[in-house]
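Participant: Dumping the structure here so I can ask a few things about it.
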Amino acid sequence: EDQVTQSPEALRLQEGESSSLNCSYTVSGLRGLFWYRQDPGKGPEFLFTLYSAGEEKEKERLKATLTKKESFLHITAPKPEDSATYLCAVQATGNTPLVFGKGTRLSVIA
Amino acid sequence: DAGVIQSPRHEVTEMGQEVTLRCKPISGHNSLFWYRQTMMRGLELLIYFNNNVPIDDSGMPEDRFSAKMPNASFSTLKIQPSEPRDSAVYFCASNLNTGELFFGEGSRLTVL
């Protein structure tokens with residue numbers, strides 16, 4: 001069974017304090033690993049897809065990396081507007097549905 | 001494009017009542033997914049359709065839950081009868097044969 005575990009459950013940072021969120025996964029065969037951002041009362045919003053170990057993608061203050069067992073979402077010099085829940089999901093080979101982790105709730109304090 | 005549209009955004013009902021949630025996927029997308037989100041269990045897949053055909057409904061918790069997709073632009077998720085443990089946010093999402101899902105804003109259901 002495909003599984004995704006995210007840590008920590010919650011993270012509180014001062015503005016400008018860089019950190020990383022972790023996503024550990026087990027999947028029969030990885031087609032893609034996805035990161036989403038979810039604001040309160042909203043649906044998840046797509047950020048990145050990573051397909052193979054060693055791949056990295058960046059968007060503003062966010063950088064996602066992938067190994068064979070886990071992915072990290074690095075947040076550099078975060079701002080209060082980066083506060084959200086960040087969700088990780090995996091898709092097994094074949095066009096199978098995404099399996100999501102429970103997310104990390106990030107709070108960035110000014 | 002307007003994105004995935006869900007209705008109602010909020011529903012409060014009493015135990016035993018029928019609840020119908022609606023979804024309009026993004027035009028041109030051929031796969032539609034219903035997820036349920038709770039604090040305890042996170043996002044769980046309930047059912048998904050490909051080209052309007054249900055592919056996997058193993059996530060539907062009980063026979064009280066049913067879903068239909070009569071055409072490419074409309075889907076419903078029905079709960080009958082509803083129970084307090086069904087309280088959650090229900091999301092509809094769509095895509096076009098890729099992993100990237102586009103989510104609606106969700107329907108927050110409270111069953112008293």
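Labeling convention for the structure tokens: chains A, B, ... as they appear, residues from 1 per chain, ligands from 1 in order of appearance.
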Could you list, as an MDAnalysis selection string, the residues of chain B having an atom within 6 Å of chain A when counting only C-alpha atoms?

Facilitator: chainID B and resid 42 103:105

Participant: Can you pull out every residue within 8 Å of Ser71 in chain A, counting only C-alpha atoms, but drop anything in the same chain fewer than 2 positions away, and send it as a list in words?

Facilitator: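 Surrounding residues, per the criterion: Asn22, Cys23, Ser24, Ala64, Thr65, Leu66, Thr67, Lys69 and Leu73 of chain A.
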
Participant: From the list B:Ile79, B:Val111, B:Pro54, B:Ala93, which residue is nearest Val19 in chain B when using only C-alpha atoms?

Facilitator: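 Of B:Ile79, B:Val111, B:Pro54, B:Ala93, the one nearest Val19 in chain B, counting only C-alpha atoms, is B:Ile79.
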
Participant: Could you work out how far CA of Leu46 in chain B lies from CA of Pro61 in chain B, giving the answer in Å with one decimal?

Facilitator: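 Answer for the CA of Pro61 in chain B to CA of Leu46 in chain B separation: 7.5 Å.
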
Participant: Point out the residue among B:Met60, B:Ile26, B:Leu109, B:Leu21 with the least atom-to-atom distance to Leu45 in chain B, counting only C-alpha atoms.

Facilitator: B:Met60

Participant: Considering only strand (DSSP E) as DSSP defines it on the backbone, what residues of range 4-48 of chain A qualify? List them as a PDB file with all heavy atoms, in the first residue's frame.

Facilitator:
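So the final result, stored in selection.pdb, reads:
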ATOM      1  N   VAL A   4       2.310   7.976   2.602  1.00  0.00           N
ATOM      2  CA  VAL A   4       3.042   9.238   2.677  1.00  0.00           C
ATOM      3  C   VAL A   4       2.978   9.740   4.114  1.00  0.00           C
ATOM      4  O   VAL A   4       1.889   9.838   4.680  1.00  0.00           O
ATOM      5  CB  VAL A   4       2.424  10.283   1.728  1.00  0.00           C
ATOM      6  CG1 VAL A   4       3.151  11.620   1.870  1.00  0.00           C
ATOM      7  CG2 VAL A   4       2.474   9.796   0.291  1.00  0.00           C
ATOM      8  N   THR A   5       4.140  10.058   4.682  1.00  0.00           N
ATOM      9  CA  THR A   5       4.214  10.578   6.044  1.00  0.00           C
ATOM     10  C   THR A   5       4.941  11.904   6.020  1.00  0.00           C
ATOM     11  O   THR A   5       6.073  11.995   5.525  1.00  0.00           O
ATOM     12  CB  THR A   5       4.965   9.600   6.962  1.00  0.00           C
ATOM     13  OG1 THR A   5       4.317   8.327   6.931  1.00  0.00           O
ATOM     14  CG2 THR A   5       4.979  10.127   8.394  1.00  0.00           C
ATOM     15  N   GLN A   6       4.299  12.934   6.561  1.00  0.00           N
ATOM     16  CA  GLN A   6       4.902  14.257   6.571  1.00  0.00           C
ATOM     17  C   GLN A   6       5.275  14.672   7.991  1.00  0.00           C
ATOM     18  O   GLN A   6       4.574  14.350   8.944  1.00  0.00           O
ATOM     19  CB  GLN A   6       3.932  15.289   5.984  1.00  0.00           C
ATOM     20  CG  GLN A   6       3.685  15.090   4.505  1.00  0.00           C
ATOM     21  CD  GLN A   6       2.896  16.229   3.907  1.00  0.00           C
ATOM     22  OE1 GLN A   6       1.764  16.053   3.457  1.00  0.00           O
ATOM     23  NE2 GLN A   6       3.490  17.415   3.895  1.00  0.00           N
ATOM     24  N   SER A   7       6.392  15.366   8.093  1.00  0.00           N
ATOM     25  CA  SER A   7       6.828  15.870   9.394  1.00  0.00           C
ATOM     26  C   SER A   7       7.535  17.215   9.218  1.00  0.00           C
ATOM     27  O   SER A   7       8.126  17.478   8.158  1.00  0.00           O
ATOM     28  CB  SER A   7       7.773  14.864  10.064  1.00  0.00           C
ATOM     29  OG  SER A   7       8.941  14.669   9.282  1.00  0.00           O
ATOM     30  N   ALA A  10       3.321  20.444  12.561  1.00  0.00           N
ATOM     31  CA  ALA A  10       3.193  21.892  12.596  1.00  0.00           C
ATOM     32  C   ALA A  10       4.572  22.502  12.802  1.00  0.00           C
ATOM     33  O   ALA A  10       5.435  21.913  13.467  1.00  0.00           O
ATOM     34  CB  ALA A  10       2.239  22.324  13.701  1.00  0.00           C
ATOM     35  N   LEU A  11       4.773  23.691  12.235  1.00  0.00           N
ATOM     36  CA  LEU A  11       6.063  24.368  12.315  1.00  0.00           C
ATOM     37  C   LEU A  11       5.819  25.861  12.416  1.00  0.00           C
ATOM     38  O   LEU A  11       5.064  26.420  11.622  1.00  0.00           O
ATOM     39  CB  LEU A  11       6.907  24.043  11.079  1.00  0.00           C
ATOM     40  CG  LEU A  11       8.310  24.640  10.984  1.00  0.00           C
ATOM     41  CD1 LEU A  11       9.183  24.136  12.115  1.00  0.00           C
ATOM     42  CD2 LEU A  11       8.935  24.307   9.638  1.00  0.00           C
ATOM     43  N   ARG A  12       6.469  26.446  13.387  1.00  0.00           N
ATOM     44  CA  ARG A  12       6.328  27.885  13.602  1.00  0.00           C
ATOM     45  C   ARG A  12       7.686  28.529  13.389  1.00  0.00           C
ATOM     46  O   ARG A  12       8.660  28.139  14.047  1.00  0.00           O
ATOM     47  CB  ARG A  12       5.808  28.137  15.013  1.00  0.00           C
ATOM     48  CG  ARG A  12       5.469  29.566  15.355  1.00  0.00           C
ATOM     49  CD  ARG A  12       5.006  29.614  16.822  1.00  0.00           C
ATOM     50  NE  ARG A  12       4.784  30.949  17.291  1.00  0.00           N
ATOM     51  CZ  ARG A  12       3.589  31.525  17.354  1.00  0.00           C
ATOM     52  NH1 ARG A  12       2.524  30.861  16.985  1.00  0.00           N
ATOM     53  NH2 ARG A  12       3.459  32.749  17.813  1.00  0.00           N
ATOM     54  N   LEU A  13       7.763  29.490  12.481  1.00  0.00           N
ATOM     55  CA  LEU A  13       9.031  30.139  12.156  1.00  0.00           C
ATOM     56  C   LEU A  13       8.916  31.641  12.305  1.00  0.00           C
ATOM     57  O   LEU A  13       7.831  32.217  12.087  1.00  0.00           O
ATOM     58  CB  LEU A  13       9.443  29.811  10.710  1.00  0.00           C
ATOM     59  CG  LEU A  13       9.672  28.348  10.338  1.00  0.00           C
ATOM     60  CD1 LEU A  13       9.908  28.230   8.832  1.00  0.00           C
ATOM     61  CD2 LEU A  13      10.852  27.784  11.112  1.00  0.00           C
ATOM     62  N   GLN A  14      10.015  32.258  12.639  1.00  0.00           N
ATOM     63  CA  GLN A  14      10.093  33.704  12.575  1.00  0.00           C
ATOM     64  C   GLN A  14      10.329  34.092  11.117  1.00  0.00           C
ATOM     65  O   GLN A  14      10.948  33.349  10.344  1.00  0.00           O
ATOM     66  CB  GLN A  14      11.236  34.220  13.443  1.00  0.00           C
ATOM     67  CG  GLN A  14      11.032  34.024  14.940  1.00  0.00           C
ATOM     68  CD  GLN A  14       9.884  34.879  15.466  1.00  0.00           C
ATOM     69  OE1 GLN A  14       9.749  36.036  15.095  1.00  0.00           O
ATOM     70  NE2 GLN A  14       9.070  34.295  16.338  1.00  0.00           N
ATOM     71  N   SER A  19      13.916  26.912   6.883  1.00  0.00           N
ATOM     72  CA  SER A  19      13.701  25.573   7.421  1.00  0.00           C
ATOM     73  C   SER A  19      13.291  24.625   6.303  1.00  0.00           C
ATOM     74  O   SER A  19      13.211  25.024   5.130  1.00  0.00           O
ATOM     75  CB  SER A  19      12.622  25.616   8.512  1.00  0.00           C
ATOM     76  OG  SER A  19      12.524  24.368   9.175  1.00  0.00           O
ATOM     77  N   SER A  20      13.054  23.357   6.665  1.00  0.00           N
ATOM     78  CA  SER A  20      12.662  22.345   5.691  1.00  0.00           C
ATOM     79  C   SER A  20      11.524  21.497   6.219  1.00  0.00           C
ATOM     80  O   SER A  20      11.464  21.202   7.419  1.00  0.00           O
ATOM     81  CB  SER A  20      13.850  21.426   5.361  1.00  0.00           C
ATOM     82  OG  SER A  20      14.899  22.142   4.767  1.00  0.00           O
ATOM     83  N   LEU A  21      10.636  21.119   5.323  1.00  0.00           N
ATOM     84  CA  LEU A  21       9.559  20.185   5.627  1.00  0.00           C
ATOM     85  C   LEU A  21       9.910  18.849   4.981  1.00  0.00           C
ATOM     86  O   LEU A  21      10.449  18.810   3.869  1.00  0.00           O
ATOM     87  CB  LEU A  21       8.226  20.685   5.058  1.00  0.00           C
ATOM     88  CG  LEU A  21       7.857  22.139   5.310  1.00  0.00           C
ATOM     89  CD1 LEU A  21       6.484  22.439   4.738  1.00  0.00           C
ATOM     90  CD2 LEU A  21       7.923  22.470   6.774  1.00  0.00           C
ATOM     91  N   ASN A  22       9.549  17.755   5.673  1.00  0.00           N
ATOM     92  CA  ASN A  22       9.914  16.430   5.195  1.00  0.00           C
ATOM     93  C   ASN A  22       8.696  15.641   4.727  1.00  0.00           C
ATOM     94  O   ASN A  22       7.611  15.743   5.307  1.00  0.00           O
ATOM     95  CB  ASN A  22      10.618  15.646   6.298  1.00  0.00           C
ATOM     96  CG  ASN A  22      10.954  14.225   5.875  1.00  0.00           C
ATOM     97  OD1 ASN A  22      10.233  13.283   6.168  1.00  0.00           O
ATOM     98  ND2 ASN A  22      12.049  14.082   5.154  1.00  0.00           N
ATOM     99  N   CYS A  23       8.874  14.863   3.662  1.00  0.00           N
ATOM    100  CA  CYS A  23       7.839  13.967   3.161  1.00  0.00           C
ATOM    101  C   CYS A  23       8.501  12.616   2.884  1.00  0.00           C
ATOM    102  O   CYS A  23       9.303  12.506   1.952  1.00  0.00           O
ATOM    103  CB  CYS A  23       7.224  14.534   1.886  1.00  0.00           C
ATOM    104  SG  CYS A  23       6.115  13.398   1.021  1.00  0.00           S
ATOM    105  N   SER A  24       8.182  11.618   3.703  1.00  0.00           N
ATOM    106  CA  SER A  24       8.688  10.264   3.479  1.00  0.00           C
ATOM    107  C   SER A  24       7.614   9.438   2.796  1.00  0.00           C
ATOM    108  O   SER A  24       6.434   9.564   3.137  1.00  0.00           O
ATOM    109  CB  SER A  24       9.074   9.612   4.812  1.00  0.00           C
ATOM    110  OG  SER A  24      10.097  10.331   5.440  1.00  0.00           O
ATOM    111  N   TYR A  25       8.015   8.594   1.849  1.00  0.00           N
ATOM    112  CA  TYR A  25       7.004   7.861   1.103  1.00  0.00           C
ATOM    113  C   TYR A  25       7.427   6.416   0.828  1.00  0.00           C
ATOM    114  O   TYR A  25       8.612   6.100   0.777  1.00  0.00           O
ATOM    115  CB  TYR A  25       6.687   8.572  -0.222  1.00  0.00           C
ATOM    116  CG  TYR A  25       7.838   8.619  -1.200  1.00  0.00           C
ATOM    117  CD1 TYR A  25       8.006   7.612  -2.148  1.00  0.00           C
ATOM    118  CD2 TYR A  25       8.759   9.661  -1.175  1.00  0.00           C
ATOM    119  CE1 TYR A  25       9.067   7.643  -3.045  1.00  0.00           C
ATOM    120  CE2 TYR A  25       9.817   9.700  -2.064  1.00  0.00           C
ATOM    121  CZ  TYR A  25       9.970   8.694  -2.992  1.00  0.00           C
ATOM    122  OH  TYR A  25      11.022   8.729  -3.884  1.00  0.00           O
ATOM    123  N   THR A  26       6.428   5.575   0.675  1.00  0.00           N
ATOM    124  CA  THR A  26       6.623   4.223   0.149  1.00  0.00           C
ATOM    125  C   THR A  26       5.599   4.049  -0.963  1.00  0.00           C
ATOM    126  O   THR A  26       4.414   4.339  -0.785  1.00  0.00           O
ATOM    127  CB  THR A  26       6.439   3.137   1.220  1.00  0.00           C
ATOM    128  OG1 THR A  26       5.139   3.288   1.821  1.00  0.00           O
ATOM    129  CG2 THR A  26       7.485   3.239   2.300  1.00  0.00           C
ATOM    130  N   LEU A  30       7.287   4.791  -8.421  1.00  0.00           N
ATOM    131  CA  LEU A  30       6.934   6.209  -8.379  1.00  0.00           C
ATOM    132  C   LEU A  30       6.785   6.787  -9.779  1.00  0.00           C
ATOM    133  O   LEU A  30       7.723   6.761 -10.578  1.00  0.00           O
ATOM    134  CB  LEU A  30       8.003   6.994  -7.604  1.00  0.00           C
ATOM    135  CG  LEU A  30       7.724   8.488  -7.427  1.00  0.00           C
ATOM    136  CD1 LEU A  30       6.539   8.698  -6.492  1.00  0.00           C
ATOM    137  CD2 LEU A  30       8.955   9.207  -6.907  1.00  0.00           C
ATOM    138  N   ARG A  31       5.602   7.341 -10.040  1.00  0.00           N
ATOM    139  CA  ARG A  31       5.435   8.089 -11.277  1.00  0.00           C
ATOM    140  C   ARG A  31       5.733   9.564 -11.020  1.00  0.00           C
ATOM    141  O   ARG A  31       6.319  10.237 -11.855  1.00  0.00           O
ATOM    142  CB  ARG A  31       4.015   7.948 -11.813  1.00  0.00           C
ATOM    143  CG  ARG A  31       3.809   8.660 -13.150  1.00  0.00           C
ATOM    144  CD  ARG A  31       2.387   8.555 -13.635  1.00  0.00           C
ATOM    145  NE  ARG A  31       2.262   9.133 -14.988  1.00  0.00           N
ATOM    146  CZ  ARG A  31       1.114   9.418 -15.563  1.00  0.00           C
ATOM    147  NH1 ARG A  31      -0.020   9.178 -14.941  1.00  0.00           N
ATOM    148  NH2 ARG A  31       1.081   9.922 -16.774  1.00  0.00           N
ATOM    149  N   GLY A  32       5.320  10.049  -9.851  1.00  0.00           N
ATOM    150  CA  GLY A  32       5.583  11.447  -9.528  1.00  0.00           C
ATOM    151  C   GLY A  32       5.313  11.738  -8.062  1.00  0.00           C
ATOM    152  O   GLY A  32       4.520  11.056  -7.420  1.00  0.00           O
ATOM    153  N   LEU A  33       6.020  12.739  -7.532  1.00  0.00           N
ATOM    154  CA  LEU A  33       5.770  13.231  -6.184  1.00  0.00           C
ATOM    155  C   LEU A  33       5.348  14.689  -6.305  1.00  0.00           C
ATOM    156  O   LEU A  33       5.986  15.461  -7.028  1.00  0.00           O
ATOM    157  CB  LEU A  33       7.011  13.096  -5.297  1.00  0.00           C
ATOM    158  CG  LEU A  33       6.789  13.515  -3.838  1.00  0.00           C
ATOM    159  CD1 LEU A  33       7.473  12.562  -2.886  1.00  0.00           C
ATOM    160  CD2 LEU A  33       7.187  14.940  -3.569  1.00  0.00           C
ATOM    161  N   PHE A  34       4.289  15.046  -5.605  1.00  0.00           N
ATOM    162  CA  PHE A  34       3.658  16.349  -5.785  1.00  0.00           C
ATOM    163  C   PHE A  34       3.646  17.121  -4.468  1.00  0.00           C
ATOM    164  O   PHE A  34       3.430  16.538  -3.396  1.00  0.00           O
ATOM    165  CB  PHE A  34       2.208  16.175  -6.259  1.00  0.00           C
ATOM    166  CG  PHE A  34       2.085  15.428  -7.549  1.00  0.00           C
ATOM    167  CD1 PHE A  34       2.152  14.047  -7.578  1.00  0.00           C
ATOM    168  CD2 PHE A  34       1.916  16.114  -8.737  1.00  0.00           C
ATOM    169  CE1 PHE A  34       2.057  13.351  -8.773  1.00  0.00           C
ATOM    170  CE2 PHE A  34       1.828  15.429  -9.933  1.00  0.00           C
ATOM    171  CZ  PHE A  34       1.892  14.045  -9.947  1.00  0.00           C
ATOM    172  N   TRP A  35       3.856  18.425  -4.565  1.00  0.00           N
ATOM    173  CA  TRP A  35       3.685  19.313  -3.426  1.00  0.00           C
ATOM    174  C   TRP A  35       2.541  20.289  -3.737  1.00  0.00           C
ATOM    175  O   TRP A  35       2.468  20.842  -4.840  1.00  0.00           O
ATOM    176  CB  TRP A  35       4.957  20.104  -3.137  1.00  0.00           C
ATOM    177  CG  TRP A  35       6.015  19.310  -2.422  1.00  0.00           C
ATOM    178  CD1 TRP A  35       7.089  18.681  -2.977  1.00  0.00           C
ATOM    179  CD2 TRP A  35       6.102  19.083  -1.010  1.00  0.00           C
ATOM    180  NE1 TRP A  35       7.839  18.066  -1.996  1.00  0.00           N
ATOM    181  CE2 TRP A  35       7.257  18.302  -0.779  1.00  0.00           C
ATOM    182  CE3 TRP A  35       5.328  19.465   0.094  1.00  0.00           C
ATOM    183  CZ2 TRP A  35       7.667  17.897   0.507  1.00  0.00           C
ATOM    184  CZ3 TRP A  35       5.716  19.067   1.357  1.00  0.00           C
ATOM    185  CH2 TRP A  35       6.873  18.286   1.554  1.00  0.00           C
ATOM    186  N   TYR A  36       1.679  20.451  -2.718  1.00  0.00           N
ATOM    187  CA  TYR A  36       0.566  21.365  -2.815  1.00  0.00           C
ATOM    188  C   TYR A  36       0.606  22.310  -1.612  1.00  0.00           C
ATOM    189  O   TYR A  36       1.073  21.961  -0.536  1.00  0.00           O
ATOM    190  CB  TYR A  36      -0.778  20.619  -2.785  1.00  0.00           C
ATOM    191  CG  TYR A  36      -1.160  19.955  -4.088  1.00  0.00           C
ATOM    192  CD1 TYR A  36      -0.598  18.742  -4.456  1.00  0.00           C
ATOM    193  CD2 TYR A  36      -2.088  20.540  -4.936  1.00  0.00           C
ATOM    194  CE1 TYR A  36      -0.954  18.128  -5.647  1.00  0.00           C
ATOM    195  CE2 TYR A  36      -2.458  19.937  -6.123  1.00  0.00           C
ATOM    196  CZ  TYR A  36      -1.882  18.733  -6.471  1.00  0.00           C
ATOM    197  OH  TYR A  36      -2.233  18.128  -7.653  1.00  0.00           O
ATOM    198  N   ARG A  37       0.025  23.476  -1.808  1.00  0.00           N
ATOM    199  CA  ARG A  37      -0.179  24.437  -0.724  1.00  0.00           C
ATOM    200  C   ARG A  37      -1.684  24.565  -0.509  1.00  0.00           C
ATOM    201  O   ARG A  37      -2.459  24.658  -1.468  1.00  0.00           O
ATOM    202  CB  ARG A  37       0.406  25.802  -1.111  1.00  0.00           C
ATOM    203  CG  ARG A  37       0.017  26.914  -0.158  1.00  0.00           C
ATOM    204  CD  ARG A  37       0.476  28.265  -0.645  1.00  0.00           C
ATOM    205  NE  ARG A  37      -0.119  29.302   0.193  1.00  0.00           N
ATOM    206  CZ  ARG A  37       0.571  30.323   0.712  1.00  0.00           C
ATOM    207  NH1 ARG A  37       1.867  30.454   0.466  1.00  0.00           N
ATOM    208  NH2 ARG A  37      -0.042  31.220   1.452  1.00  0.00           N
ATOM    209  N   GLN A  38      -2.105  24.587   0.764  1.00  0.00           N
ATOM    210  CA  GLN A  38      -3.520  24.759   1.071  1.00  0.00           C
ATOM    211  C   GLN A  38      -3.703  25.866   2.090  1.00  0.00           C
ATOM    212  O   GLN A  38      -3.190  25.787   3.204  1.00  0.00           O
ATOM    213  CB  GLN A  38      -4.144  23.451   1.595  1.00  0.00           C
ATOM    214  CG  GLN A  38      -5.649  23.557   1.787  1.00  0.00           C
ATOM    215  CD  GLN A  38      -6.278  22.237   2.201  1.00  0.00           C
ATOM    216  OE1 GLN A  38      -5.623  21.345   2.715  1.00  0.00           O
ATOM    217  NE2 GLN A  38      -7.572  22.094   1.952  1.00  0.00           N
ATOM    218  N   GLU A  45      -3.575  23.820  -3.726  1.00  0.00           N
ATOM    219  CA  GLU A  45      -3.096  24.462  -4.943  1.00  0.00           C
ATOM    220  C   GLU A  45      -1.750  23.868  -5.317  1.00  0.00           C
ATOM    221  O   GLU A  45      -0.831  23.807  -4.491  1.00  0.00           O
ATOM    222  CB  GLU A  45      -2.975  25.965  -4.715  1.00  0.00           C
ATOM    223  CG  GLU A  45      -2.496  26.758  -5.912  1.00  0.00           C
ATOM    224  CD  GLU A  45      -2.367  28.238  -5.587  1.00  0.00           C
ATOM    225  OE1 GLU A  45      -2.987  28.689  -4.612  1.00  0.00           O
ATOM    226  OE2 GLU A  45      -1.634  28.933  -6.311  1.00  0.00           O
ATOM    227  N   PHE A  46      -1.612  23.454  -6.556  1.00  0.00           N
ATOM    228  CA  PHE A  46      -0.408  22.770  -7.021  1.00  0.00           C
ATOM    229  C   PHE A  46       0.820  23.668  -6.954  1.00  0.00           C
ATOM    230  O   PHE A  46       0.780  24.840  -7.332  1.00  0.00           O
ATOM    231  CB  PHE A  46      -0.634  22.295  -8.460  1.00  0.00           C
ATOM    232  CG  PHE A  46       0.592  21.740  -9.126  1.00  0.00           C
ATOM    233  CD1 PHE A  46       1.060  20.483  -8.813  1.00  0.00           C
ATOM    234  CD2 PHE A  46       1.282  22.497 -10.069  1.00  0.00           C
ATOM    235  CE1 PHE A  46       2.189  19.971  -9.433  1.00  0.00           C
ATOM    236  CE2 PHE A  46       2.408  21.991 -10.696  1.00  0.00           C
ATOM    237  CZ  PHE A  46       2.865  20.738 -10.363  1.00  0.00           C
ATOM    238  N   LEU A  47       1.942  23.075  -6.469  1.00  0.00           N
ATOM    239  CA  LEU A  47       3.225  23.782  -6.453  1.00  0.00           C
ATOM    240  C   LEU A  47       4.234  23.136  -7.404  1.00  0.00           C
ATOM    241  O   LEU A  47       4.753  23.799  -8.299  1.00  0.00           O
ATOM    242  CB  LEU A  47       3.812  23.785  -5.035  1.00  0.00           C
ATOM    243  CG  LEU A  47       3.108  24.612  -3.977  1.00  0.00           C
ATOM    244  CD1 LEU A  47       3.727  24.358  -2.603  1.00  0.00           C
ATOM    245  CD2 LEU A  47       3.176  26.100  -4.317  1.00  0.00           C
ATOM    246  N   PHE A  48       4.564  21.854  -7.154  1.00  0.00           N
ATOM    247  CA  PHE A  48       5.633  21.180  -7.904  1.00  0.00           C
ATOM    248  C   PHE A  48       5.283  19.732  -8.181  1.00  0.00           C
ATOM    249  O   PHE A  48       4.546  19.112  -7.423  1.00  0.00           O
ATOM    250  CB  PHE A  48       6.940  21.128  -7.072  1.00  0.00           C
ATOM    251  CG  PHE A  48       7.459  22.431  -6.581  1.00  0.00           C
ATOM    252  CD1 PHE A  48       7.402  22.746  -5.230  1.00  0.00           C
ATOM    253  CD2 PHE A  48       8.049  23.339  -7.456  1.00  0.00           C
ATOM    254  CE1 PHE A  48       7.906  23.939  -4.760  1.00  0.00           C
ATOM    255  CE2 PHE A  48       8.551  24.532  -6.991  1.00  0.00           C
ATOM    256  CZ  PHE A  48       8.483  24.837  -5.641  1.00  0.00           C
TER     257      PHE A  48
END

Participant: Name the residues in contact with Ser73 in chain B at a cut-off of 12 Å, using only C-alpha atoms, excluding same-chain residues fewer than 4 positions from it; report them as JSON, numbers by chain.

Facilitator: {"B": [3, 4, 5, 6, 22, 23, 24, 25, 26, 27, 28, 29, 30, 31, 32, 49, 51, 52, 68, 69, 94]}

Participant: Go ahead and write the selection's residues with N, CA, C and O atoms as a tab-separated table (two decimals), in the first residue's frame.

Facilitator:
chain	number	residue	atom	x	y	z
B	3	GLY	N	-12.13	27.09	-13.33
B	3	GLY	CA	-11.65	26.13	-12.37
B	3	GLY	C	-12.74	25.13	-12.00
B	3	GLY	O	-13.85	25.15	-12.55
B	4	VAL	N	-12.45	24.26	-11.05
B	4	VAL	CA	-13.41	23.27	-10.57
B	4	VAL	C	-14.41	23.99	-9.67
B	4	VAL	O	-14.01	24.72	-8.75
B	5	ILE	N	-15.69	23.79	-9.94
B	5	ILE	CA	-16.73	24.48	-9.18
B	5	ILE	C	-17.52	23.47	-8.35
B	5	ILE	O	-18.04	22.49	-8.89
B	6	GLN	N	-17.59	23.75	-7.05
B	6	GLN	CA	-18.34	22.87	-6.15
B	6	GLN	C	-19.47	23.64	-5.48
B	6	GLN	O	-19.35	24.83	-5.20
B	22	ARG	N	-22.24	18.72	-5.25
B	22	ARG	CA	-22.14	18.82	-6.70
B	22	ARG	C	-20.79	19.34	-7.15
B	22	ARG	O	-20.14	20.11	-6.43
B	23	CYS	N	-20.41	18.94	-8.35
B	23	CYS	CA	-19.10	19.33	-8.87
B	23	CYS	C	-19.15	19.50	-10.38
B	23	CYS	O	-19.69	18.65	-11.10
B	24	LYS	N	-18.55	20.60	-10.84
B	24	LYS	CA	-18.35	20.82	-12.27
B	24	LYS	C	-16.86	20.84	-12.50
B	24	LYS	O	-16.17	21.76	-12.03
B	25	PRO	N	-16.30	19.87	-13.23
B	25	PRO	CA	-14.85	19.84	-13.44
B	25	PRO	C	-14.43	20.88	-14.48
B	25	PRO	O	-15.27	21.50	-15.13
B	26	ILE	N	-13.14	21.04	-14.63
B	26	ILE	CA	-12.60	21.94	-15.64
B	26	ILE	C	-12.90	21.35	-17.03
B	26	ILE	O	-12.71	20.15	-17.26
B	27	SER	N	-13.38	22.20	-17.91
B	27	SER	CA	-13.73	21.76	-19.25
B	27	SER	C	-12.53	21.13	-19.94
B	27	SER	O	-11.43	21.69	-19.94
B	28	GLY	N	-12.76	19.93	-20.53
B	28	GLY	CA	-11.68	19.24	-21.22
B	28	GLY	C	-10.96	18.19	-20.37
B	28	GLY	O	-10.27	17.33	-20.91
B	29	HIS	N	-11.11	18.29	-19.06
B	29	HIS	CA	-10.50	17.28	-18.20
B	29	HIS	C	-11.32	15.99	-18.29
B	29	HIS	O	-12.55	16.02	-18.35
B	30	ASN	N	-10.63	14.84	-18.28
B	30	ASN	CA	-11.36	13.59	-18.45
B	30	ASN	C	-11.36	12.70	-17.20
B	30	ASN	O	-11.91	11.61	-17.22
B	31	SER	N	-10.72	13.17	-16.13
B	31	SER	CA	-10.75	12.40	-14.87
B	31	SER	C	-11.27	13.30	-13.77
B	31	SER	O	-10.92	14.48	-13.69
B	32	LEU	N	-12.12	12.71	-12.90
B	32	LEU	CA	-12.69	13.45	-11.78
B	32	LEU	C	-12.56	12.63	-10.51
B	32	LEU	O	-12.77	11.41	-10.53
B	49	PHE	N	-13.47	8.89	-11.38
B	49	PHE	CA	-14.05	8.58	-12.68
B	49	PHE	C	-13.03	8.90	-13.78
B	49	PHE	O	-12.28	9.86	-13.68
B	51	ASN	N	-13.35	9.41	-17.97
B	51	ASN	CA	-14.32	9.49	-19.08
B	51	ASN	C	-15.72	9.11	-18.61
B	51	ASN	O	-16.43	8.34	-19.27
B	52	ASN	N	-16.10	9.64	-17.44
B	52	ASN	CA	-17.44	9.50	-16.86
B	52	ASN	C	-17.71	8.13	-16.28
B	52	ASN	O	-18.81	7.88	-15.77
B	68	LYS	N	-22.16	9.76	-8.85
B	68	LYS	CA	-22.52	9.60	-10.25
B	68	LYS	C	-21.81	10.66	-11.08
B	68	LYS	O	-21.47	11.74	-10.58
B	69	MET	N	-21.62	10.34	-12.34
B	69	MET	CA	-21.10	11.31	-13.28
B	69	MET	C	-21.87	11.12	-14.59
B	69	MET	O	-21.43	10.39	-15.48
B	94	SER	N	-10.10	17.57	-10.66
B	94	SER	CA	-10.09	17.00	-12.01
B	94	SER	C	-8.70	17.12	-12.62
B	94	SER	O	-7.87	17.92	-12.17

Participant: With a distance cut-off of 8 Å and only C-alpha atoms, select the neighbouring residues of Arg9 in chain B, excluding the residue or stretch itself and same-chain residues fewer than 4 positions from it, and output the selection as a short mmCIF file (atom, residue, chain, number, x, y, z; two decimals) with N, CA and C atoms, in the first residue's frame.

Facilitator:
data_model
loop_
_atom_site.label_atom_id
_atom_site.label_comp_id
_atom_site.auth_asym_id
_atom_site.auth_seq_id
_atom_site.Cartn_x
_atom_site.Cartn_y
_atom_site.Cartn_z
N GLU B 105 -12.99 24.46 -4.31
CA GLU B 105 -12.86 25.10 -3.01
C GLU B 105 -13.39 24.24 -1.87
N GLY B 106 -14.07 23.16 -2.20
CA GLY B 106 -14.56 22.24 -1.18
C GLY B 106 -15.97 22.54 -0.72
N SER B 107 -16.62 21.51 -0.19
CA SER B 107 -17.93 21.63 0.45
C SER B 107 -17.78 21.19 1.90
N ARG B 108 -18.00 22.13 2.82
CA ARG B 108 -17.87 21.80 4.25
C ARG B 108 -19.21 21.27 4.75
#
